[in-house]
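> Take a look at the following structure, please.
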Amino acid sequence: MKVIVYPTRHYVEERDIKDKVAVVIDVLRATSTIITALYNGCKEVIPLAEIEEAVNISKNYEKDTFILGGERNSEKIEGFHLSNSPGEYYREQVEGKTVLITTTNGTRAITKASDAKEVVLASFINISIVCDYLAALGQDIAIICAGTVGKFSADDILVAGALIHGLRKKNIFLELDDMGLTAEFMYQHSKEDLHGVLSKTAHYSTLKDLGLQRDLEDCLALDTAPIVPIYSDGIVRAWYNIVDIR
Ligand code: MLT
């Protein structure tokens, strides 16, 4: 299985991912938040690049059937219902609703992946089931890290490394590029202390300084939301059982 890892969406050439399954990662926090919302029973999530787009689309929904969520500079957008903290998307808040979400990096990385054969969202909170799913598919993979404002972000690379590590444990022969080898190495040397390793990194520190310690705990927890979110035709929906997807 060939695995290529893009440190940010800016490196992705649409033609290079056409024949691959894309896995999009924005562990802090967009994919963690979207996975949490789906795990807690929201109907679907529509990831959008721009605030105006989200507001315009929301006009097509009846009151109380949708949630406008997201962030700019890691803070809630004025007039939106929710920000980008996984903890805000609890069951009573989201069940049965459509979540329209726009974030600085994560939702843009998801839409950038549209040309791939299939698009899966990953984070630490669904890492094992995504590994199982990718192993079952047995196809070449393009891991697209969202990064932070165009820059490499160590948190996303660690999730990429965890995915590679998980696939390797299944005895799958992997052909990795240099970013993939680096991600695997980083994860192997960080997995016992994710918070400690990330504590000096930029995005982790920004969230900590904003008092979002709980988000950091929620986003770096393992397998707390075991679903496979698939993005197709502009919408992310959840699969709970990989047998159903295949
Ligand atoms: C993003 O998409 O840029 C992030 O999720 C930023 C954040 O809210 O921490």
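Each chain of the structure tokens is named A, B, ... in the order shown, its residues numbered from 1; ligands are numbered from 1 in display order.
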Residues contacting ligand 1 - anything with an atom at most 9 Å away, using only C-alpha atoms and all ligand atoms - can you give me those as a ChimeraX atom specification?

/A:26-33,70-76,83-85,102-109,146-149,203-204,206-207,215

> Residues within 7 Å of Tyr187 in chain A, please, as number ranges by chain. Count only C-alpha atoms; anything in the same chain fewer than 4 positions from it doesn't count.

A: 158, 161-162, 183, 191

> Pick out the residues sitting within 10 Å of Thr224 in chain A, and hand them over as a count of residues only; count only C-alpha atoms, and ignore anything fewer than 5 positions along from it in its own chain.

9

> If you count only C-alpha atoms, which residues fall within 7 Å of Val21 in chain A, apart from same-chain ones fewer than 6 positions away, as a ChimeraX atom specification?

/A:116-119,139-142

> Hey, can you check how far CA of Ile57 in chain A sits from CA of Val45 in chain A?

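A separation of 12.4 Å between them.
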
> To test your reading of the structure, identify every residue in range 50-235 of chain A that backbone DSSP assigns to helix (DSSP H, G or I), and report it as a VMD selection string.

chain A and resid 51 to 58 86 to 88 91 to 94 106 to 115 124 to 137 154 to 169 178 to 188 194 to 198 202 to 209 213 to 219

> Find the distance between CA of His165 in chain A and CA of Met1 in chain A and write it in Å to one decimal.

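Spanning CA of His165 in chain A to CA of Met1 in chain A is a straight-line distance of 13.3 Å.
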
> Quick check, in Å to one decimal: how far apart do CA of Ile110 in chain A and CA of Lys169 in chain A lie?

27.0 Å

> Of the candidates A:Ala122, A:Ile67, A:Val55, A:Leu48, which one gets nearest to Asp223 in chain A if we count only C-alpha atoms?

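Of A:Ala122, A:Ile67, A:Val55, A:Leu48, the one nearest Asp223 in chain A, counting only C-alpha atoms, is A:Ala122.
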
> Please determine, counting only C-alpha atoms, which residue among A:Thr111, A:Gln93, A:Asn40, A:Thr201 has the shortest atom-to-atom distance to Tyr240 in chain A.

A:Asn40

> Pick from A:Lys112, A:His10, A:Arg214, A:Arg168: nearest to Tyr231 in chain A, with only C-alpha atoms counted?

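Looking only at the distances to Tyr231 in chain A, the closest residue turns out to be A:Lys112.
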
> Could you give me, as a ChimeraX atom specification, the residues within 12 Å of range 62-64 of chain A, counting only C-alpha atoms and dropping anything in the same chain fewer than 2 positions from it?

/A:57-60,66-68,81,93-99

> Output the selection as a tab-separated table (two decimals), in the first residue's frame - all heavy atoms for each residue.


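And here's selection_20.tsv as it stands now:
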```tsv
chain	number	residue	atom	x	y	z
A	57	ILE	N	-25.96	29.40	3.23
A	57	ILE	CA	-26.56	28.05	3.17
A	57	ILE	C	-27.52	27.85	4.34
A	57	ILE	O	-28.57	27.22	4.20
A	57	ILE	CB	-25.46	26.97	3.13
A	57	ILE	CG1	-24.68	27.10	1.81
A	57	ILE	CG2	-26.05	25.56	3.27
A	57	ILE	CD1	-23.51	26.17	1.66
A	58	SER	N	-27.21	28.43	5.49
A	58	SER	CA	-28.06	28.24	6.67
A	58	SER	C	-29.48	28.79	6.44
A	58	SER	O	-30.44	28.35	7.06
A	58	SER	CB	-27.44	28.88	7.91
A	58	SER	OG	-27.57	30.28	7.83
A	59	LYS	N	-29.60	29.72	5.49
A	59	LYS	CA	-30.92	30.32	5.21
A	59	LYS	C	-31.88	29.32	4.59
A	59	LYS	O	-33.08	29.53	4.56
A	59	LYS	CB	-30.77	31.55	4.30
A	59	LYS	CG	-30.04	32.68	5.02
A	59	LYS	CD	-29.83	33.89	4.15
A	59	LYS	CE	-29.03	34.94	4.94
A	59	LYS	NZ	-28.21	35.80	4.11
A	60	ASN	N	-31.35	28.20	4.08
A	60	ASN	CA	-32.20	27.15	3.49
A	60	ASN	C	-32.79	26.21	4.55
A	60	ASN	O	-33.56	25.32	4.22
A	60	ASN	CB	-31.39	26.29	2.51
A	60	ASN	CG	-30.82	27.12	1.39
A	60	ASN	OD1	-31.46	28.06	0.95
A	60	ASN	ND2	-29.62	26.78	0.95
A	66	PHE	N	-30.61	23.24	12.30
A	66	PHE	CA	-29.19	23.35	11.91
A	66	PHE	C	-28.40	24.06	13.00
A	66	PHE	O	-28.97	24.75	13.87
A	66	PHE	CB	-29.06	24.12	10.59
A	66	PHE	CG	-29.35	25.59	10.72
A	66	PHE	CD1	-28.31	26.51	10.90
A	66	PHE	CD2	-30.64	26.07	10.70
A	66	PHE	CE1	-28.57	27.87	11.05
A	66	PHE	CE2	-30.91	27.42	10.85
A	66	PHE	CZ	-29.88	28.32	11.02
A	67	ILE	N	-27.10	23.88	12.91
A	67	ILE	CA	-26.19	24.59	13.81
A	67	ILE	C	-25.10	25.23	12.97
A	67	ILE	O	-24.53	24.58	12.07
A	67	ILE	CB	-25.57	23.61	14.82
A	67	ILE	CG1	-26.60	23.29	15.90
A	67	ILE	CG2	-24.30	24.18	15.45
A	67	ILE	CD1	-26.19	22.18	16.81
A	68	LEU	N	-24.85	26.49	13.22
A	68	LEU	CA	-23.72	27.17	12.57
A	68	LEU	C	-22.55	27.12	13.55
A	68	LEU	O	-22.66	27.61	14.67
A	68	LEU	CB	-24.08	28.63	12.31
A	68	LEU	CG	-24.68	29.01	10.97
A	68	LEU	CD1	-25.05	30.50	10.98
A	68	LEU	CD2	-23.71	28.73	9.82
A	81	HIS	N	-23.82	29.77	16.36
A	81	HIS	CA	-24.29	29.10	17.58
A	81	HIS	C	-23.13	28.58	18.42
A	81	HIS	O	-23.13	28.70	19.64
A	81	HIS	CB	-25.18	27.88	17.23
A	81	HIS	CG	-26.37	28.23	16.41
A	81	HIS	ND1	-26.51	27.89	15.09
A	81	HIS	CD2	-27.50	28.91	16.75
A	81	HIS	CE1	-27.68	28.31	14.63
A	81	HIS	NE2	-28.30	28.94	15.61
A	93	GLN	N	-27.36	18.75	22.08
A	93	GLN	CA	-27.14	19.94	21.25
A	93	GLN	C	-27.27	19.63	19.75
A	93	GLN	O	-27.80	20.43	18.99
A	93	GLN	CB	-25.72	20.45	21.54
A	93	GLN	CG	-25.28	21.67	20.79
A	93	GLN	CD	-25.89	22.93	21.38
A	93	GLN	OE1	-26.98	23.34	20.99
A	93	GLN	NE2	-25.19	23.53	22.32
A	94	VAL	N	-26.79	18.44	19.34
A	94	VAL	CA	-26.64	18.22	17.89
A	94	VAL	C	-27.55	17.16	17.29
A	94	VAL	O	-27.69	17.09	16.07
A	94	VAL	CB	-25.17	17.84	17.54
A	94	VAL	CG1	-24.21	18.95	17.93
A	94	VAL	CG2	-24.75	16.50	18.14
A	95	GLU	N	-28.16	16.34	18.12
A	95	GLU	CA	-28.87	15.16	17.59
A	95	GLU	C	-29.88	15.52	16.50
A	95	GLU	O	-30.72	16.41	16.67
A	95	GLU	CB	-29.57	14.41	18.72
A	95	GLU	CG	-29.93	12.99	18.32
A	95	GLU	CD	-30.18	12.12	19.54
A	95	GLU	OE1	-30.67	12.64	20.58
A	95	GLU	OE2	-29.89	10.92	19.45
A	96	GLY	N	-29.77	14.85	15.38
A	96	GLY	CA	-30.72	15.03	14.27
A	96	GLY	C	-30.51	16.30	13.45
A	96	GLY	O	-31.22	16.54	12.47
A	97	LYS	N	-29.54	17.12	13.82
A	97	LYS	CA	-29.37	18.42	13.14
A	97	LYS	C	-28.27	18.38	12.07
A	97	LYS	O	-27.41	17.51	12.09
A	97	LYS	CB	-29.02	19.51	14.16
A	97	LYS	CG	-30.16	19.76	15.13
A	97	LYS	CD	-29.84	20.91	16.04
A	97	LYS	CE	-30.99	21.09	17.04
A	97	LYS	NZ	-30.62	21.95	18.15
A	98	THR	N	-28.33	19.34	11.18
A	98	THR	CA	-27.25	19.54	10.20
A	98	THR	C	-26.29	20.56	10.78
A	98	THR	O	-26.72	21.64	11.21
A	98	THR	CB	-27.83	20.07	8.87
A	98	THR	OG1	-28.68	19.06	8.32
A	98	THR	CG2	-26.74	20.40	7.88
A	99	VAL	N	-25.01	20.22	10.79
A	99	VAL	CA	-24.00	21.16	11.29
A	99	VAL	C	-23.30	21.79	10.08
A	99	VAL	O	-22.71	21.08	9.25
A	99	VAL	CB	-22.97	20.45	12.20
A	99	VAL	CG1	-21.84	21.40	12.57
A	99	VAL	CG2	-23.64	19.89	13.46
```
